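Peer 1: Below is the file protein_3.cif, with mmCIF, C-alpha atoms.
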```cif
data_protein
loop_
_atom_site.label_atom_id
_atom_site.label_comp_id
_atom_site.auth_asym_id
_atom_site.auth_seq_id
_atom_site.Cartn_x
_atom_site.Cartn_y
_atom_site.Cartn_z
CA ALA A 1 -182.14 78.03 -143.18
CA PHE A 2 -185.15 80.32 -142.84
CA TYR A 3 -186.11 79.54 -146.44
CA LEU A 4 -186.02 75.80 -145.61
CA LEU A 5 -188.10 76.33 -142.46
CA LYS A 6 -190.68 78.15 -144.56
CA ASN A 7 -190.74 75.21 -146.99
CA SER A 8 -191.07 72.78 -144.09
CA LYS A 9 -194.17 74.59 -142.85
CA SER A 10 -195.55 74.67 -146.39
CA PHE A 11 -195.22 70.88 -146.82
CA PHE A 12 -196.87 70.36 -143.43
CA SER A 13 -199.71 72.74 -144.34
CA GLN A 14 -200.26 70.85 -147.61
CA ALA A 15 -200.55 67.60 -145.67
CA GLU A 16 -203.06 69.19 -143.25
CA ASN A 17 -205.16 70.50 -146.12
CA LEU A 18 -205.14 67.12 -147.87
CA LEU A 19 -206.24 65.39 -144.66
CA LEU A 20 -209.12 67.78 -143.99
CA GLU A 21 -210.26 67.82 -147.61
CA THR A 22 -210.28 64.02 -147.68
CA LEU A 23 -212.32 63.87 -144.47
CA GLY A 24 -214.77 66.49 -145.71
CA LEU A 25 -213.70 68.90 -142.97
CA LYS A 26 -211.87 71.60 -144.95
CA ASN A 27 -213.18 74.99 -143.76
CA PHE A 28 -215.56 73.06 -141.50
CA LYS A 29 -216.89 75.17 -138.65
CA PRO A 30 -218.88 73.09 -136.15
CA LYS A 31 -221.72 74.92 -134.44
CA TYR A 32 -221.21 74.93 -130.69
CA GLU A 33 -224.59 74.89 -128.97
CA LEU A 34 -225.22 76.89 -125.80
CA SER A 35 -227.86 74.45 -124.59
CA TYR A 36 -228.90 70.89 -125.39
CA ILE A 37 -230.75 67.97 -123.84
CA VAL A 38 -229.32 64.51 -123.11
CA ASN A 39 -231.25 61.49 -121.87
CA PHE A 40 -230.37 60.27 -118.41
CA SER A 41 -229.79 56.76 -119.84
CA THR A 42 -227.09 58.17 -122.15
CA ALA A 43 -225.30 59.94 -119.31
CA PHE A 44 -225.56 56.85 -117.12
CA ARG A 45 -224.14 54.61 -119.86
CA VAL A 46 -220.96 56.68 -120.28
CA HIS A 47 -220.67 57.64 -116.57
CA ARG A 48 -220.40 61.34 -117.39
CA ILE A 49 -222.56 64.28 -116.33
CA ASP A 50 -220.34 67.19 -117.43
CA ALA A 51 -222.07 69.26 -120.13
CA GLU A 52 -218.98 69.60 -122.35
CA TYR A 53 -218.91 65.84 -122.96
CA PHE A 54 -222.30 65.99 -124.71
CA GLN A 55 -221.62 69.08 -126.86
CA PRO A 56 -223.37 68.26 -130.21
CA ALA A 57 -220.56 69.86 -132.24
CA TYR A 58 -218.23 66.99 -131.37
CA ASP A 59 -220.68 64.40 -132.68
CA GLU A 60 -221.17 66.47 -135.82
CA ILE A 61 -217.46 66.16 -136.64
CA LEU A 62 -217.53 62.39 -136.16
CA ARG A 63 -220.66 62.04 -138.28
CA THR A 64 -219.08 64.01 -141.11
CA MET A 65 -216.08 61.66 -141.17
CA SER A 66 -218.18 58.51 -140.84
CA TYR A 67 -220.17 59.34 -143.99
CA LYS A 68 -217.07 58.58 -146.06
CA TYR A 69 -214.78 56.33 -144.03
CA LEU A 70 -214.78 53.55 -141.48
CA LEU A 71 -213.89 54.82 -138.00
CA TRP A 72 -211.80 52.68 -135.65
CA PRO A 73 -211.33 53.14 -131.88
CA LEU A 74 -207.67 53.68 -131.01
CA ARG A 75 -207.57 50.48 -128.96
CA LYS A 76 -208.02 48.48 -132.19
CA ILE A 77 -205.12 50.18 -133.94
CA PHE A 78 -202.58 51.03 -131.25
CA ASP A 79 -200.98 49.52 -128.20
CA PHE A 80 -201.24 52.31 -125.64
CA SER A 81 -199.19 52.67 -122.47
CA ARG A 82 -198.33 55.48 -120.10
CA GLY A 83 -194.77 56.65 -119.70
CA ILE A 84 -192.57 56.29 -116.62
CA PHE A 85 -191.26 58.60 -113.94
CA VAL A 86 -187.48 59.06 -113.91
CA PRO A 87 -186.03 60.82 -110.82
CA THR A 88 -183.84 63.86 -111.53
CA ILE A 89 -180.79 62.13 -109.99
CA PHE A 90 -180.57 60.09 -113.20
CA TYR A 91 -180.54 63.15 -115.49
CA THR A 92 -177.32 63.95 -117.30
CA GLU A 93 -176.11 66.84 -119.44
CA GLU A 94 -174.38 64.38 -121.74
CA ARG A 95 -176.20 63.33 -124.89
CA THR A 96 -176.67 59.64 -124.21
CA GLU A 97 -178.67 57.10 -126.22
CA ARG A 98 -181.51 57.43 -123.69
CA PRO A 99 -183.47 60.65 -124.23
CA TYR A 100 -186.33 61.40 -121.85
CA ILE A 101 -189.35 62.89 -123.63
CA ARG A 102 -191.58 65.11 -121.51
CA ILE A 103 -194.52 67.35 -122.39
CA LYS A 104 -192.29 70.42 -122.78
CA GLU A 105 -190.43 68.83 -125.73
CA LEU A 106 -193.62 68.12 -127.66
CA THR A 107 -194.51 70.74 -130.28
CA GLY A 108 -197.73 69.28 -131.66
CA GLY A 109 -196.34 70.22 -135.09
CA VAL A 110 -193.28 69.34 -137.12
CA GLY A 111 -190.89 67.41 -134.91
CA ILE A 112 -189.94 67.24 -131.24
CA ASP A 113 -187.92 70.16 -129.85
CA GLU A 114 -184.64 68.34 -129.34
CA ASN A 115 -182.96 71.40 -127.80
CA LYS A 116 -185.06 70.94 -124.65
CA ILE A 117 -184.56 67.18 -124.25
CA ILE A 118 -182.82 65.86 -121.17
CA TYR A 119 -181.00 62.53 -121.13
CA ILE A 120 -180.80 59.62 -118.69
CA ASN A 121 -177.54 58.14 -117.45
CA ASN A 122 -176.70 54.44 -117.42
CA ASP A 123 -177.40 54.08 -113.70
CA PHE A 124 -181.12 54.11 -114.39
CA HIS A 125 -182.57 50.64 -115.01
CA GLU A 126 -185.98 50.11 -116.56
CA ASP A 127 -187.86 47.40 -118.41
CA ASP A 128 -186.95 47.49 -122.11
CA ARG A 129 -190.64 47.14 -122.94
CA ASN A 130 -191.03 50.80 -121.93
CA LYS A 131 -188.44 51.98 -124.45
CA LEU A 132 -189.60 54.12 -127.34
CA ASN A 133 -189.40 52.78 -130.89
CA GLU A 134 -189.05 54.75 -134.09
CA ASP A 135 -192.50 55.92 -135.30
CA ASP A 136 -194.15 55.59 -131.87
CA LEU A 137 -196.49 58.49 -131.16
CA VAL A 138 -196.12 60.31 -127.84
CA MET A 139 -198.98 62.44 -126.51
CA ALA A 140 -199.50 64.71 -123.51
CA ILE A 141 -202.16 63.11 -121.29
CA ILE A 142 -202.35 65.62 -118.42
CA GLY A 143 -202.45 69.39 -118.11
CA ASP A 144 -203.59 72.20 -120.40
CA THR A 145 -201.93 70.70 -123.48
CA ILE A 146 -203.61 67.27 -123.44
CA GLY A 147 -203.51 65.79 -126.93
CA LYS A 148 -200.29 67.50 -128.05
CA THR A 149 -198.59 64.78 -130.08
CA ASN A 150 -195.37 64.04 -131.94
CA ARG A 151 -193.81 61.02 -133.63
CA ILE A 152 -190.51 59.54 -132.44
CA PRO A 153 -187.76 59.85 -135.09
CA LYS A 154 -184.98 57.30 -135.46
CA GLY A 155 -182.53 59.46 -133.50
CA LEU A 156 -184.71 59.42 -130.36
CA ALA A 157 -185.58 55.71 -130.37
CA GLY A 158 -184.36 53.80 -127.33
CA GLY A 159 -185.37 56.50 -124.89
CA PHE A 160 -188.38 56.85 -122.60
CA CYS A 161 -191.35 59.16 -122.19
CA SER A 162 -192.45 60.65 -118.90
CA ASN A 163 -195.44 59.57 -116.81
CA ASN A 164 -197.37 62.62 -118.07
CA VAL A 165 -197.04 61.33 -121.62
CA GLY A 166 -198.70 58.36 -123.33
CA ARG A 167 -197.12 56.15 -125.98
CA PHE A 168 -199.02 54.81 -128.99
CA ARG A 169 -197.54 52.01 -131.11
CA ILE A 170 -199.32 50.74 -134.21
CA LYS A 171 -200.18 47.07 -133.77
CA GLN A 172 -198.32 44.61 -135.97
CA ASP A 173 -201.43 43.49 -137.84
CA MET A 174 -202.44 47.10 -138.54
CA ARG A 175 -199.17 48.41 -139.97
CA ASN A 176 -200.29 47.85 -143.54
CA SER A 177 -203.52 49.75 -142.92
CA PHE A 178 -202.34 52.81 -140.95
CA LEU A 179 -199.10 54.68 -141.74
CA PRO A 180 -197.32 56.39 -138.80
CA GLU A 181 -196.99 59.76 -140.56
CA TYR A 182 -200.72 59.81 -141.28
CA ALA A 183 -201.46 58.81 -137.68
CA GLU A 184 -199.23 61.62 -136.38
CA LEU A 185 -200.96 64.23 -138.52
CA TYR A 186 -204.40 62.96 -137.55
CA PHE A 187 -203.49 63.19 -133.85
CA GLN A 188 -202.67 66.87 -134.47
CA SER A 189 -205.85 67.61 -136.42
CA LEU A 190 -209.26 69.15 -135.63
CA PRO A 191 -211.21 65.85 -135.47
CA PHE A 192 -208.75 64.36 -132.98
CA ARG A 193 -208.46 67.51 -130.85
CA SER A 194 -212.25 67.81 -130.70
CA GLN A 195 -212.49 64.28 -129.28
CA ILE A 196 -209.84 65.14 -126.68
CA GLU A 197 -211.86 68.20 -125.68
CA LYS A 198 -214.96 66.04 -125.33
CA LYS A 199 -213.37 63.23 -123.35
CA LYS A 200 -210.93 65.00 -121.01
CA ALA A 201 -211.95 65.59 -117.39
CA GLN A 202 -212.00 69.21 -116.25
CA THR A 203 -210.53 68.70 -112.78
CA GLY A 204 -208.03 70.95 -111.00
CA GLN A 205 -205.55 69.80 -113.60
CA PRO A 206 -207.15 68.54 -116.84
CA LYS A 207 -206.58 64.85 -117.48
CA ILE A 208 -207.91 62.00 -119.58
CA SER A 209 -208.44 58.38 -118.58
CA ASP A 210 -207.00 55.38 -120.43
CA HIS A 211 -210.53 54.25 -121.25
CA GLU A 212 -211.44 57.58 -122.85
CA ILE A 213 -208.19 57.63 -124.83
CA ASN A 214 -208.80 54.17 -126.22
CA THR A 215 -212.30 55.08 -127.44
CA ILE A 216 -211.13 57.99 -129.61
CA GLN A 217 -211.99 57.35 -133.27
CA ILE A 218 -209.56 57.37 -136.21
CA PRO A 219 -210.72 57.06 -139.84
CA GLN A 220 -209.13 54.48 -142.14
CA LEU A 221 -208.20 56.50 -145.20
CA PRO A 222 -207.28 54.83 -148.51
CA LEU A 223 -203.60 53.87 -148.55
CA ASP A 224 -202.84 56.03 -151.57
CA VAL A 225 -204.04 59.11 -149.64
CA GLN A 226 -202.08 58.05 -146.55
CA LYS A 227 -198.95 57.63 -148.69
CA GLU A 228 -199.39 61.11 -150.15
CA ILE A 229 -199.76 62.55 -146.66
CA SER A 230 -196.75 60.52 -145.50
CA LEU A 231 -194.59 61.87 -148.33
CA LEU A 232 -195.49 65.49 -147.49
CA ILE A 233 -194.77 64.93 -143.79
CA LYS A 234 -191.39 63.36 -144.59
CA LYS A 235 -190.51 66.31 -146.84
CA SER A 236 -191.51 68.65 -144.03
CA TYR A 237 -189.27 66.82 -141.55
CA ASP A 238 -186.33 66.59 -143.96
CA THR A 239 -186.32 70.29 -144.82
CA ARG A 240 -186.74 71.21 -141.14
CA ASN A 241 -183.75 69.05 -140.19
CA LYS A 242 -181.63 70.62 -142.93
CA ALA A 243 -182.59 74.07 -141.66
CA ILE A 244 -181.63 73.15 -138.08
CA GLU A 245 -178.31 71.76 -139.33
CA LEU A 246 -177.55 75.01 -141.17
CA LEU A 247 -178.42 77.09 -138.11
CA GLU A 248 -176.08 74.97 -135.98
CA ILE A 249 -173.26 75.43 -138.49
CA THR A 250 -173.87 79.18 -138.50
CA LYS A 251 -173.90 79.35 -134.70
CA LYS A 252 -170.63 77.40 -134.53
CA LYS A 253 -168.96 79.78 -137.02
CA VAL A 254 -170.09 82.81 -135.02
CA GLU A 255 -168.77 81.27 -131.79
CA ASP A 256 -165.42 80.45 -133.46
CA ALA A 257 -165.17 83.99 -134.81
CA ILE A 258 -165.77 85.45 -131.33
CA ILE A 259 -163.06 83.24 -129.85
CA VAL A 260 -160.56 84.25 -132.57
CA ASN A 261 -161.30 87.95 -132.11
CA ASN A 262 -160.82 87.68 -128.36
#
```
Step by step, read the file and then write its structure as structure tokens.
Peer 2:
Amino acid sequence: AFYLLKNSKSFFSQAENLLLETLGLKNFKPKYELSYIVNFSTAFRVHRIDAEYFQPAYDEILRTMSYKYLLWPLRKIFDFSRGIFVPTIFYTEERTERPYIRIKELTGGVGIDENKIIYINNDFHEDDRNKLNEDDLVMAIIGDTIGKTNRIPKGLAGGFCSNNVGRFRIKQDMRNSFLPEYAELYFQSLPFRSQIEKKKAQTGQPKISDHEINTIQIPQLPLDVQKEISLLIKKSYDTRNKAIELLEITKKKVEDAIIVNN
């Protein structure tokens, strides 16, 4: 199991390296300036006066990507919606077909931590349009971990995400141009995280507005590169799932042995 987990991380690392190399950002170290000047007209246009928003390093990352690839705002690629609040009275310890994904289950890496997921009982009624589909992306949109993202696997489809989490679903007419595995990896990468850092509001509890989320840029990589990334991500997930399955089998055998010995 530990050997498989190591392989899972290796496949994921290969996908990360391929993404950054393709974007021209491998070993890229943006220079964060201590001081810089911004025109009042620029600040007025974006309705921001916080210095972090205008950090030149963030624009440097975008410029580097734009030299090679077309950048799209998220609103053109994804349907975005915020999750819903489910009162604790509807939580159940039984594993139902309605998982409830919160920030604490998101890893921002390979797979959602399913050991921490809570489930919703059948007494809770909600619009089916808020249900999660396979390959939706779910992202933390409030708190210190804004931007932490994972993709919904088949086994968690049909559930919901919390009101502190946003859901991204690739638009029908864009599904042949952007693969979900590539999108997931990009959401976890340096260029995406840097845009989150730029656009989030540093209030008592960090948060990001829907408008700012929808203006984040994603590059349209060639499909052959996206497919290569997708294959590596799938291998990473598959080996991780096999490792988890082996660990569960091992745990069950240990528990059975303890019962027999008692």
Peer 1: Taking the file as I've supplied it (selection: the PyMOL selection byres ((chain A and resi 105) around 10)), which residues are included? Please answer as a list in words.
Peer 2: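 This file gives the following for the PyMOL selection byres ((chain A and resi 105) around 10): Tyr100, Ile101, Arg102, Ile103, Lys104, Leu106, Thr107, Gly108, Gly111, Ile112, Asp113, Glu114, Asn115, Lys116, Ile117, Ile118 and Asn150 of chain A.
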Peer 1: Which is closest to A:Lys235 among A:Glu181, A:Glu197, A:Glu212, A:Asp135, if we use all atoms listed in the file?
Peer 2: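 For A:Lys235, the nearest of the candidates is A:Glu181.
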Peer 1: Tell me, counting all atoms listed in the file, for each residue of stretch 118-140 of chain A within 12 Å of stretch 185-189 of chain A, which pair of atoms is nearest and how far apart they are in Å to one decimal, in rows ordered by chain and increasing number, as CSV.
Peer 2:
```
residue,atom,partner,partner_atom,distance
A:Leu137,CA,A:Phe187,CA,8.9
A:Val138,CA,A:Phe187,CA,9.9
A:Met139,CA,A:Phe187,CA,8.6
A:Ala140,CA,A:Phe187,CA,11.2
```
Peer 1: May I have the protein, DNA and RNA residues with an atom at most 6 Å from (-208.5, 68.0, -140.8), counting all atoms listed in the file in the file's coordinates, returned as JSON, numbers by chain?
Peer 2: {"A": [19, 20, 25, 189, 190]}
Peer 1: Would you list the residues near (-195.6, 65.5, -148.7) (no more than 10 Å away, in the coordinates of the file, using only C-alpha atoms) as a ChimeraX atom specification?
Peer 2: /A:8,10-16,18,227-237
Peer 1: Please indicate the distance in Å from atom CA of A:Glu134 to atom CA of A:Arg151, rounded to one decimal place.
Peer 2: 7.9 Å
Peer 1: Restricting the calculation to all atoms listed in the file, which member of A:Asp123, A:Glu184, A:Asp136, A:Asp256 is positioned closest to A:Val110?
Peer 2: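 Smallest separation from A:Val110 among the options: A:Glu184.
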Peer 1: What would the selection look like, as a PyMOL selection string, if the PyMOL selection byres ((chain A and resi 164) around 12) were run on the coordinates I just shared?
Peer 2: chain A and resi 81-86+100-104+106+138-148+160-163+165-167+205-209
Peer 1: Residue by residue, what does the PyMOL selection byres ((chain A and resi 156) around 8) grab here? Present the result as a list in words.
Peer 2: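 What the PyMOL selection byres ((chain A and resi 156) around 8) grabs from the file is Glu97, Arg98, Pro99, Leu132, Glu134, Ile152, Pro153, Lys154, Gly155, Ala157, Gly158 and Gly159 of chain A.
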Peer 1: Out of A:Leu5, A:Val260, A:Leu179, A:Ala243, which residue has the shortest atom-to-atom distance to A:Gln226 when counting all atoms listed in the file?
Peer 2: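 Ranked by minimum distance to A:Gln226, first place goes to A:Leu179.
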Peer 1: Between atom CA of A:Ile77 and atom CA of A:Gln220, what is the distance, to one decimal in Å?
Peer 2: 10.1 Å
Peer 1: Smallest atom-to-atom distance to A:Glu126: which of A:Asn176, A:Lys29, A:Phe90, A:Thr239, using all atoms listed in the file?
Peer 2: A:Phe90
Peer 1: Output, as lines of an AutoDock Vina configuration file, the centre and edge lengths in Å (one decimal) of the axis-aligned box that contains all listed atoms of stretch 103-109 of chain A with 4 Å of margin on each side.
Peer 2:
```
center_x = -194.1
center_y = 69.0
center_z = -128.7
size_x = 15.3
size_y = 11.4
size_z = 20.7
```
Peer 1: Just the number, please: distance in Å from atom CA of A:Tyr32 to atom CA of A:Asn17, one decimal.
Peer 2: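 About the pair atom CA of A:Tyr32 and atom CA of A:Asn17: they are 22.7 Å apart.
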Peer 1: Would you please work out which residue, of A:Thr22, A:Ser35, A:Thr96, A:Asn241, is nearest to A:Glu52 when using all atoms listed in the file?
Peer 2: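 With all atoms listed in the file as the atom set, the closest residue is A:Ser35.
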Peer 1: Need to verify the contact set: A:Lys242, 12 Å, only C-alpha atoms, exclusion of same-chain residues closer than 2 positions in sequence. Can you return it as a list in words?
Peer 2: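 In the requested format, the answer is Ala1, Phe2, Tyr3, Leu4, Leu5, Lys6, Asn7, Ser8, Lys235, Ser236, Tyr237, Asp238, Thr239, Arg240, Ile244, Glu245, Leu246, Leu247, Glu248 and Ile249 of chain A.
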Peer 1: When distances are computed from all atoms listed in the file, which of A:Phe192, A:Ile89, A:Thr64, A:Gln202 shows the smallest separation from A:Ile49?
Peer 2: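 Closest candidate: A:Gln202.
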Peer 1: For A:Asn39, please output as a PyMOL selection string all residues within 12 Å (counting all atoms listed in the file; exclusion window: fewer than 3 positions along the same chain).
Peer 2: chain A and resi 36+42-46+48-49+54
Peer 1: Got a sec: who's within 10 Å of A:Arg75, counting all atoms listed in the file, leaving out chain neighbours fewer than 3 positions off, as a ChimeraX atom specification?
Peer 2: /A:72,78-80,168,170-171,210-211,213-217
Peer 1: Only N, CA, C and O atoms, as an mmCIF file, in the first residue's frame: that is what I want for stretch 206-232 of chain A.
Peer 2:
```cif
data_model
loop_
_atom_site.group_PDB
_atom_site.id
_atom_site.type_symbol
_atom_site.label_atom_id
_atom_site.label_comp_id
_atom_site.auth_asym_id
_atom_site.auth_seq_id
_atom_site.Cartn_x
_atom_site.Cartn_y
_atom_site.Cartn_z
ATOM 1 N N PRO A 206 -10.390 35.750 5.383
ATOM 2 C CA PRO A 206 -10.173 35.926 3.939
ATOM 3 C C PRO A 206 -11.323 35.359 3.116
ATOM 4 O O PRO A 206 -11.874 34.304 3.439
ATOM 5 N N LYS A 207 -11.702 36.061 2.056
ATOM 6 C CA LYS A 207 -12.774 35.590 1.191
ATOM 7 C C LYS A 207 -12.539 36.121 -0.210
ATOM 8 O O LYS A 207 -11.681 36.983 -0.435
ATOM 9 N N ILE A 208 -13.298 35.602 -1.154
ATOM 10 C CA ILE A 208 -13.163 36.032 -2.539
ATOM 11 C C ILE A 208 -14.555 36.155 -3.148
ATOM 12 O O ILE A 208 -15.423 35.306 -2.911
ATOM 13 N N SER A 209 -14.781 37.213 -3.892
ATOM 14 C CA SER A 209 -16.109 37.461 -4.456
ATOM 15 C C SER A 209 -16.333 36.619 -5.711
ATOM 16 O O SER A 209 -15.380 36.162 -6.359
ATOM 17 N N ASP A 210 -17.596 36.437 -6.069
ATOM 18 C CA ASP A 210 -17.928 35.695 -7.284
ATOM 19 C C ASP A 210 -17.316 36.362 -8.506
ATOM 20 O O ASP A 210 -16.821 35.693 -9.422
ATOM 21 N N HIS A 211 -17.355 37.701 -8.525
ATOM 22 C CA HIS A 211 -16.800 38.424 -9.665
ATOM 23 C C HIS A 211 -15.312 38.141 -9.823
ATOM 24 O O HIS A 211 -14.831 37.876 -10.938
ATOM 25 N N GLU A 212 -14.573 38.190 -8.725
ATOM 26 C CA GLU A 212 -13.134 37.954 -8.790
ATOM 27 C C GLU A 212 -12.838 36.518 -9.218
ATOM 28 O O GLU A 212 -11.907 36.256 -9.991
ATOM 29 N N ILE A 213 -13.627 35.571 -8.717
ATOM 30 C CA ILE A 213 -13.438 34.174 -9.114
ATOM 31 C C ILE A 213 -13.604 34.019 -10.615
ATOM 32 O O ILE A 213 -12.799 33.378 -11.302
ATOM 33 N N ASN A 214 -14.644 34.616 -11.142
ATOM 34 C CA ASN A 214 -14.966 34.438 -12.560
ATOM 35 C C ASN A 214 -13.969 35.102 -13.500
ATOM 36 O O ASN A 214 -13.949 34.804 -14.699
ATOM 37 N N THR A 215 -13.125 36.020 -12.978
ATOM 38 C CA THR A 215 -12.146 36.682 -13.832
ATOM 39 C C THR A 215 -10.785 35.988 -13.822
ATOM 40 O O THR A 215 -9.876 36.399 -14.559
ATOM 41 N N ILE A 216 -10.628 34.943 -13.008
ATOM 42 C CA ILE A 216 -9.366 34.196 -12.996
ATOM 43 C C ILE A 216 -9.130 33.576 -14.375
ATOM 44 O O ILE A 216 -10.055 33.090 -15.020
ATOM 45 N N GLN A 217 -7.870 33.596 -14.816
ATOM 46 C CA GLN A 217 -7.520 33.153 -16.169
ATOM 47 C C GLN A 217 -7.029 31.695 -16.181
ATOM 48 O O GLN A 217 -6.277 31.287 -15.298
ATOM 49 N N ILE A 218 -7.453 30.962 -17.214
ATOM 50 C CA ILE A 218 -6.989 29.587 -17.414
ATOM 51 C C ILE A 218 -6.505 29.450 -18.857
ATOM 52 O O ILE A 218 -7.195 29.863 -19.786
ATOM 53 N N PRO A 219 -5.306 28.903 -19.058
ATOM 54 C CA PRO A 219 -4.783 28.765 -20.423
ATOM 55 C C PRO A 219 -5.392 27.553 -21.139
ATOM 56 O O PRO A 219 -5.633 26.513 -20.520
ATOM 57 N N GLN A 220 -5.623 27.700 -22.425
ATOM 58 C CA GLN A 220 -6.126 26.586 -23.230
ATOM 59 C C GLN A 220 -4.936 25.846 -23.839
ATOM 60 O O GLN A 220 -4.405 26.234 -24.876
ATOM 61 N N LEU A 221 -4.544 24.763 -23.176
ATOM 62 C CA LEU A 221 -3.424 23.977 -23.670
ATOM 63 C C LEU A 221 -3.870 23.083 -24.820
ATOM 64 O O LEU A 221 -5.058 22.733 -24.920
ATOM 65 N N PRO A 222 -2.935 22.663 -25.693
ATOM 66 C CA PRO A 222 -3.283 21.726 -26.757
ATOM 67 C C PRO A 222 -3.891 20.456 -26.153
ATOM 68 O O PRO A 222 -3.478 20.005 -25.080
ATOM 69 N N LEU A 223 -4.843 19.858 -26.856
ATOM 70 C CA LEU A 223 -5.541 18.694 -26.320
ATOM 71 C C LEU A 223 -4.611 17.511 -26.070
ATOM 72 O O LEU A 223 -4.831 16.735 -25.135
ATOM 73 N N ASP A 224 -3.585 17.362 -26.900
ATOM 74 C CA ASP A 224 -2.684 16.229 -26.683
ATOM 75 C C ASP A 224 -1.941 16.370 -25.352
ATOM 76 O O ASP A 224 -1.699 15.372 -24.657
ATOM 77 N N VAL A 225 -1.599 17.598 -24.974
ATOM 78 C CA VAL A 225 -0.952 17.829 -23.675
ATOM 79 C C VAL A 225 -1.951 17.595 -22.547
ATOM 80 O O VAL A 225 -1.632 16.961 -21.535
ATOM 81 N N GLN A 226 -3.171 18.099 -22.725
ATOM 82 C CA GLN A 226 -4.207 17.875 -21.705
ATOM 83 C C GLN A 226 -4.469 16.383 -21.504
ATOM 84 O O GLN A 226 -4.667 15.923 -20.372
ATOM 85 N N LYS A 227 -4.477 15.624 -22.587
ATOM 86 C CA LYS A 227 -4.727 14.178 -22.487
ATOM 87 C C LYS A 227 -3.590 13.474 -21.753
ATOM 88 O O LYS A 227 -3.820 12.537 -20.987
ATOM 89 N N GLU A 228 -2.361 13.934 -21.984
ATOM 90 C CA GLU A 228 -1.220 13.354 -21.281
ATOM 91 C C GLU A 228 -1.300 13.656 -19.789
ATOM 92 O O GLU A 228 -1.046 12.779 -18.947
ATOM 93 N N ILE A 229 -1.662 14.886 -19.460
ATOM 94 C CA ILE A 229 -1.861 15.258 -18.059
ATOM 95 C C ILE A 229 -2.992 14.434 -17.457
ATOM 96 O O ILE A 229 -2.880 13.907 -16.341
ATOM 97 N N SER A 230 -4.093 14.300 -18.190
ATOM 98 C CA SER A 230 -5.257 13.546 -17.720
ATOM 99 C C SER A 230 -4.893 12.106 -17.413
ATOM 100 O O SER A 230 -5.315 11.543 -16.391
ATOM 101 N N LEU A 231 -4.098 11.486 -18.287
ATOM 102 C CA LEU A 231 -3.696 10.092 -18.081
ATOM 103 C C LEU A 231 -2.870 9.943 -16.810
ATOM 104 O O LEU A 231 -3.077 9.008 -16.028
ATOM 105 N N LEU A 232 -1.943 10.868 -16.573
ATOM 106 C CA LEU A 232 -1.113 10.815 -15.362
ATOM 107 C C LEU A 232 -1.959 11.009 -14.104
ATOM 108 O O LEU A 232 -1.747 10.329 -13.090
#
```
